[in-house]
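A.B. asks: This is run-v3.txt (compact mmCIF, C-alpha atoms).
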```
# COMPACT_ATOMS: atom_id res chain seq x y z
CA PHE A 1 -8.04 -1.55 3.40
CA ASN A 2 -9.44 -3.56 0.49
CA ARG A 3 -6.03 -3.91 -1.17
CA ARG A 4 -5.21 -6.52 1.47
CA HIS A 5 -7.79 -8.74 -0.22
CA THR A 6 -6.79 -8.21 -3.86
CA PRO A 7 -7.02 -11.68 -5.52
CA LEU A 8 -3.82 -11.03 -7.48
CA LEU A 9 -1.94 -11.06 -4.15
CA ARG A 10 -3.86 -13.89 -2.56
CA HIS A 11 -0.69 -15.93 -2.05
CA PHE A 12 1.73 -13.05 -1.54
CA LYS A 13 4.56 -14.03 0.79
CA LEU A 14 8.03 -12.54 0.74
CA PRO A 15 11.02 -14.91 0.72
CA ALA A 16 12.81 -15.72 3.96
CA SER A 17 15.75 -13.58 2.82
CA PRO A 18 15.56 -10.21 4.66
CA LEU A 19 13.70 -7.34 3.03
CA LYS A 20 16.05 -4.42 2.28
CA HIS A 21 13.96 -1.73 0.61
CA VAL A 22 10.53 -1.03 -0.85
CA GLN A 23 9.92 1.67 -3.41
CA GLY A 24 6.75 2.75 -5.15
CA GLY A 25 3.79 5.02 -4.74
CA MET A 26 0.46 6.17 -6.09
CA GLN A 27 -0.51 8.61 -8.81
CA ARG A 28 -3.94 9.79 -9.89
CA LEU A 29 -5.38 12.37 -12.28
CA GLY A 30 -7.02 15.60 -11.16
CA ARG A 31 -7.65 14.70 -7.53
CA HIS A 32 -8.33 17.24 -4.79
CA VAL A 33 -5.06 17.84 -2.91
CA PRO A 34 -6.39 18.50 0.63
CA SER A 35 -8.35 15.22 0.77
CA PHE A 36 -6.01 13.02 -1.29
CA PRO A 37 -4.34 11.38 1.75
CA SER A 38 -7.61 9.50 2.30
CA THR A 39 -6.96 7.83 -1.07
CA ALA A 40 -3.20 7.47 -0.55
CA ILE A 41 -3.94 5.46 2.60
CA HIS A 42 -4.39 2.45 0.29
CA VAL A 43 -0.76 2.23 -0.78
CA ILE A 44 0.52 3.18 2.71
CA ASP A 45 -1.46 0.34 4.24
CA SER A 46 -0.46 -2.10 1.50
CA VAL A 47 3.30 -1.61 1.90
CA GLN A 48 3.12 -2.26 5.64
CA TYR A 49 0.61 -5.10 5.44
CA PHE A 50 2.45 -7.06 2.74
CA ALA A 51 5.83 -6.41 4.37
CA GLY A 52 4.37 -7.99 7.51
CA GLN A 53 5.08 -5.13 9.92
CA SER A 54 4.34 -1.47 10.56
CA PHE A 55 6.96 1.24 10.24
CA ALA A 56 8.98 2.01 13.35
CA GLU A 57 9.41 5.55 12.05
CA ALA A 58 8.19 7.56 9.08
CA HIS A 59 9.06 10.99 7.68
CA ILE A 60 6.57 12.82 5.48
CA LEU A 61 7.44 15.70 3.16
CA PHE A 62 4.83 17.70 1.22
CA GLU A 63 5.89 19.81 -1.75
CA GLN A 64 3.81 21.97 -4.07
CA ASN A 65 5.80 23.72 -6.77
CA THR A 66 4.45 22.97 -10.24
CA GLN A 67 2.87 19.79 -8.86
CA ALA A 68 1.63 18.66 -5.44
CA ARG A 69 3.57 15.69 -4.09
CA TRP A 70 4.12 13.82 -0.85
CA THR A 71 7.23 11.73 -0.18
CA ILE A 72 7.06 9.16 2.62
CA ASN A 73 10.27 7.62 3.92
CA GLY A 74 9.57 4.72 6.26
CA ILE A 75 11.93 2.64 8.37
CA TRP A 76 11.13 -0.75 9.85
CA SER A 77 12.58 -1.95 13.15
CA ASP A 78 14.91 -4.38 11.37
CA GLY A 79 16.48 -1.56 9.32
CA ALA A 80 14.62 -2.10 6.05
CA THR A 81 13.56 1.14 4.37
CA CYS A 82 10.72 2.36 2.18
CA THR A 83 10.20 5.32 -0.14
CA LEU A 84 6.74 6.19 -1.48
CA HIS A 85 5.86 9.04 -3.86
CA ILE A 86 2.23 10.20 -3.72
CA VAL A 87 0.93 12.45 -6.55
CA PRO A 88 -2.76 13.49 -6.64
CA ASP A 89 -2.64 15.09 -10.11
CA GLY A 90 -0.14 13.28 -12.31
CA VAL A 91 -0.17 11.96 -15.86
CA THR A 92 -1.75 8.53 -15.30
CA HIS A 93 -3.36 6.27 -12.70
CA TYR A 94 -1.04 3.81 -11.01
CA GLU A 95 -0.32 2.19 -7.66
CA GLN A 96 2.92 0.26 -7.50
CA LEU A 97 5.24 -1.37 -4.94
CA VAL A 98 8.59 -3.06 -5.50
CA PHE A 99 9.87 -5.19 -2.61
CA GLU A 100 13.63 -5.71 -2.81
CA GLY A 101 15.73 -8.18 -0.87
CA LYS A 102 19.31 -9.33 -1.21
CA ASP A 103 18.48 -11.83 -3.94
CA TYR A 104 14.90 -11.06 -5.01
CA SER A 105 12.56 -8.37 -6.28
CA TRP A 106 8.75 -8.65 -6.02
CA GLU A 107 7.03 -6.10 -8.29
CA VAL A 108 3.34 -5.34 -7.73
CA GLU A 109 1.08 -3.04 -9.73
CA PHE A 110 -2.40 -3.01 -8.24
CA PRO A 111 -5.36 -3.44 -10.61
CA ASN A 112 -7.04 -0.21 -11.73
CA ARG A 113 -9.50 -0.15 -14.62
CA GLU A 114 -8.40 3.42 -15.42
CA GLY A 115 -4.71 2.66 -15.00
CA ARG A 116 -1.83 1.76 -17.27
CA ILE A 117 -2.26 -1.95 -16.44
CA PRO A 118 -6.00 -2.46 -15.75
CA ASP A 119 -5.68 -6.06 -14.50
CA GLY A 120 -2.59 -5.31 -12.43
CA LYS A 121 0.75 -7.10 -12.42
CA PHE A 122 2.69 -9.29 -9.98
CA VAL A 123 6.18 -10.34 -11.05
CA GLN A 124 8.57 -12.33 -8.83
CA LYS A 125 12.27 -12.10 -9.69
CA SER A 126 14.77 -14.32 -7.88
CA GLY A 127 18.19 -14.19 -9.49
CA SER A 128 17.69 -15.13 -13.13
CA ASN A 129 14.30 -16.73 -12.41
CA ILE A 130 11.24 -14.61 -13.32
CA GLN A 131 7.69 -15.69 -12.53
CA VAL A 132 4.59 -13.77 -13.57
CA ILE A 133 1.61 -14.32 -11.25
CA THR A 134 -1.82 -14.02 -12.87
CA ASP A 135 -5.09 -12.82 -11.37
CA PRO A 136 -6.98 -15.96 -10.18
CA GLY A 137 -10.37 -15.69 -11.82
CA ALA A 138 -11.18 -12.00 -11.32
CA LYS A 139 -10.19 -10.59 -14.72
CA GLY A 140 -12.44 -7.73 -15.79
CA ASN A 141 -14.39 -7.66 -12.53
CA TYR A 142 -13.40 -4.37 -10.87
CA LEU A 143 -14.99 -5.07 -7.48
CA GLU A 144 -13.21 -8.43 -7.26
CA GLN A 145 -9.87 -7.27 -8.67
CA MET A 146 -9.52 -4.31 -6.32
CA GLY A 147 -10.45 -6.46 -3.33
CA TYR A 148 -13.72 -4.72 -2.44
CA ALA A 149 -15.97 -7.77 -2.82
CA PRO A 150 -13.52 -10.26 -1.19
CA ALA A 151 -12.99 -7.86 1.72
CA PHE A 152 -16.73 -7.50 2.31
CA ARG A 153 -17.37 -11.24 2.13
CA GLY A 154 -14.54 -11.84 4.55
CA PHE A 155 -15.83 -9.16 6.90
CA LEU A 156 -19.21 -10.90 7.08
CA ARG A 157 -17.47 -14.21 7.84
CA GLU A 158 -15.48 -12.52 10.60
CA LEU A 159 -18.68 -11.13 12.14
CA ASP A 160 -20.20 -14.61 12.23
CA SER A 161 -17.08 -16.20 13.68
CA LYS A 162 -16.45 -16.63 17.40
CA GLU A 163 -12.71 -16.67 16.76
CA THR A 164 -10.28 -13.79 17.21
CA PRO A 165 -10.32 -11.58 14.08
CA SER A 166 -7.71 -12.48 11.50
CA PRO A 167 -4.81 -10.00 11.00
CA ALA A 168 -6.35 -8.47 7.86
CA TYR A 169 -9.36 -7.30 9.88
CA ARG A 170 -7.63 -5.99 13.01
CA LEU A 171 -7.94 -2.21 13.04
CA ALA A 172 -5.23 -1.98 15.70
CA ALA A 173 -2.75 -3.05 13.01
CA SER A 174 -3.73 0.04 11.00
CA ARG A 175 -2.83 2.67 13.60
CA SER A 176 0.41 3.70 11.92
CA THR A 177 -1.25 3.95 8.50
CA ILE A 178 -3.98 6.22 9.87
CA SER A 179 -1.38 8.34 11.73
CA ILE A 180 0.62 8.83 8.53
CA MET A 181 -2.55 9.90 6.71
CA ASP A 182 -3.29 12.41 9.48
CA VAL A 183 0.18 13.94 9.14
CA MET A 184 -0.16 14.09 5.34
CA LEU A 185 -3.37 16.08 5.75
CA LEU A 186 -1.37 18.82 7.49
CA ARG A 187 0.63 19.33 4.26
CA LYS A 188 3.86 20.22 6.04
CA LYS A 189 7.32 18.75 6.39
CA SER A 190 6.68 16.43 9.30
CA ALA A 191 8.01 13.45 11.20
CA VAL A 192 5.86 10.81 12.83
CA TRP A 193 7.19 8.21 15.27
CA PHE A 194 5.50 4.98 16.19
CA GLY A 195 5.87 2.82 19.25
CA SER A 196 3.68 1.73 22.10
CA SER A 197 2.29 5.30 22.19
CA PRO A 198 2.43 6.90 18.72
CA CYS A 199 2.95 10.66 18.77
CA LEU A 200 3.15 13.26 16.05
CA SER A 201 5.90 15.83 15.74
CA VAL A 202 5.31 18.68 13.31
```
As structure tokens, what does this structure read like?
C.D. replies:
Amino acid sequence: FNRRHTPLLRHFKLPASPLKHVQGGMQRLGRHVPSFPSTAIHVIDSVQYFAGQSFAEAHILFEQNTQARWTINGIWSDGATCTLHIVPDGVTHYEQLVFEGKDYSWEVEFPNREGRIPDGKFVQKSGSNIQVITDPGAKGNYLEQMGYAPAFRGFLRELDSKETPSPAYRLAASRSTISIMDVMLLRKKSAVWFGSSPCLSV
């Protein structure tokens, strides 16, 4: 869950205007299909974490014609929707999310030294106003940019603290993400529902 600690998104906060839809996904080159959900978990966690809530319901479709591909359609309790496309063997490396509200669009491309935008991108569009957010001091440092080093430092601070763990370190908040990954591993057309007692329906 290191993406939660990516410096580029250190001050990420969606506007008060309701979120309507998120689109995006992850693509890699030459990855092993059966185990790829354990990599895709990054973007699945990120979309829920940065939206501020877990899906109320998610539908997962696996297809393998000329190319293996998962499509995840998530729905939040307030009616906002999400569509993610996950491709383990595509034409480039990328991991992107676009958060869309009534009057804004937040576009995020996570840093990836092998990707099309190595340092990542965060662009905030509100009406005619466009603001490009830059990576605060981590340029060229892969472990910092991808959030690995910040996540580890924070984890050590959490261990030393006598306070309740902060939201980014609460594994209970990751239950839906892990459940979606488990369904993806089945490589079937599946539906997964979340509530007080998540259950899987295949």
A.B. asks: Kindly give the distance, in Å, that separates atom CA of Ala149 of chain A and atom CA of Ser176 of chain A, rounded to a single decimal.
C.D. replies: 24.8 Å
A.B. asks: Excluding Gly74 of chain A and its own-chain neighbours fewer than 3 positions away, which residues fall within 9 Å of it when counting all atoms listed in the file? Please give them as a PyMOL selection string.
C.D. replies: chain A and resi 55-60+80-84
A.B. asks: Write out as number ranges by chain the residues lying within 12 Å of segment 157-167 of chain A, counting only C-alpha atoms and excluding same-chain residues fewer than 2 positions away.
C.D. replies: A: 1, 4-5, 49-50, 52-53, 150-155, 169-174
A.B. asks: Please build the interface table for segment 89-157 of chain A against segment 16-31 of chain A with a cut-off of 6 Å, listing for each qualifying residue the nearest atom pair and the distance in Å to one decimal; count all atoms listed in the file, order rows by chain and increasing number, and write it as a Markdown table.
C.D. replies:
```
| residue | atom | partner | partner_atom | distance |
| --- | --- | --- | --- | --- |
| A:Asp89 | CA | A:Leu29 | CA | 4.4 |
| A:Gly90 | CA | A:Leu29 | CA | 5.3 |
| A:Thr92 | CA | A:Arg28 | CA | 6.0 |
| A:His93 | CA | A:Arg28 | CA | 4.5 |
| A:Tyr94 | CA | A:Gln27 | CA | 5.3 |
| A:Glu95 | CA | A:Met26 | CA | 4.3 |
| A:Gln96 | CA | A:Gly24 | CA | 5.1 |
| A:Leu97 | CA | A:Gly24 | CA | 4.4 |
| A:Val98 | CA | A:Gln23 | CA | 5.3 |
| A:Phe99 | CA | A:Val22 | CA | 4.6 |
| A:Glu100 | CA | A:His21 | CA | 5.3 |
| A:Gly101 | CA | A:Leu19 | CA | 4.5 |
```
A.B. asks: Calculate how many Å separate atom CA of Leu143 of chain A from atom CA of Asn2 of chain A, rounding to one decimal.
C.D. replies: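 Between atom CA of Leu143 of chain A and atom CA of Asn2 of chain A the gap is 9.8 Å.
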A.B. asks: Applying 7 Å and all atoms listed in the file, which residues near segment 178-186 of chain A remain after dropping the ones on its own chain fewer than 4 positions away? List them as a VMD selection string.
C.D. replies: chain A and resid 34 37 to 38 41 60 174 190
A.B. asks: Nearest residue to Ser46 of chain A out of A:Gly147, A:Pro136, A:Pro118, A:Pro15, using only C-alpha atoms?
C.D. replies: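 Going through A:Gly147, A:Pro136, A:Pro118, A:Pro15 one by one, the smallest distance to Ser46 of chain A is for A:Gly147.
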A.B. asks: When you count only C-alpha atoms, which of these residues is closest to Gly140 of chain A: A:Gln64, A:Asn112, A:Ser54, A:Ser128?
C.D. replies: A:Asn112
A.B. asks: What is the atom CA of Gly79 of chain A to atom CA of Thr6 of chain A distance in Å?
C.D. replies: 27.6 Å
A.B. asks: So, counting all atoms listed in the file, which residue among A:Ala51, A:Ser35, A:Leu8, A:Asn65 is closest to Asp78 of chain A?
C.D. replies: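 Selected residue with least distance to Asp78 of chain A: A:Ala51.
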A.B. asks: I'd like to know which of A:Ala68, A:Ile130, A:Ala138, A:Leu61 is closest to Arg10 of chain A, using only C-alpha atoms.
C.D. replies: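 Of A:Ala68, A:Ile130, A:Ala138, A:Leu61, the one nearest Arg10 of chain A, counting only C-alpha atoms, is A:Ala138.
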A.B. asks: Enclose the full set of atoms of segment 8-27 of chain A listed in the file within a box whose edges lie along x, y and z, apply 5 Å of padding to each of the six sides, and report centre and edge lengths in Å to one decimal as JSON.
C.D. replies:
```
{"center_x": 6.1, "center_y": -3.7, "center_z": -2.1, "size_x": 29.9, "size_y": 34.5, "size_z": 23.5}
```
A.B. asks: For Gly120 of chain A, which residue out of A:Arg3, A:Ile44, A:Ser105, A:Trp70 is the nearest one, using all atoms listed in the file?
C.D. replies: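 Using all atoms listed in the file, Gly120 of chain A sits closest to A:Arg3.
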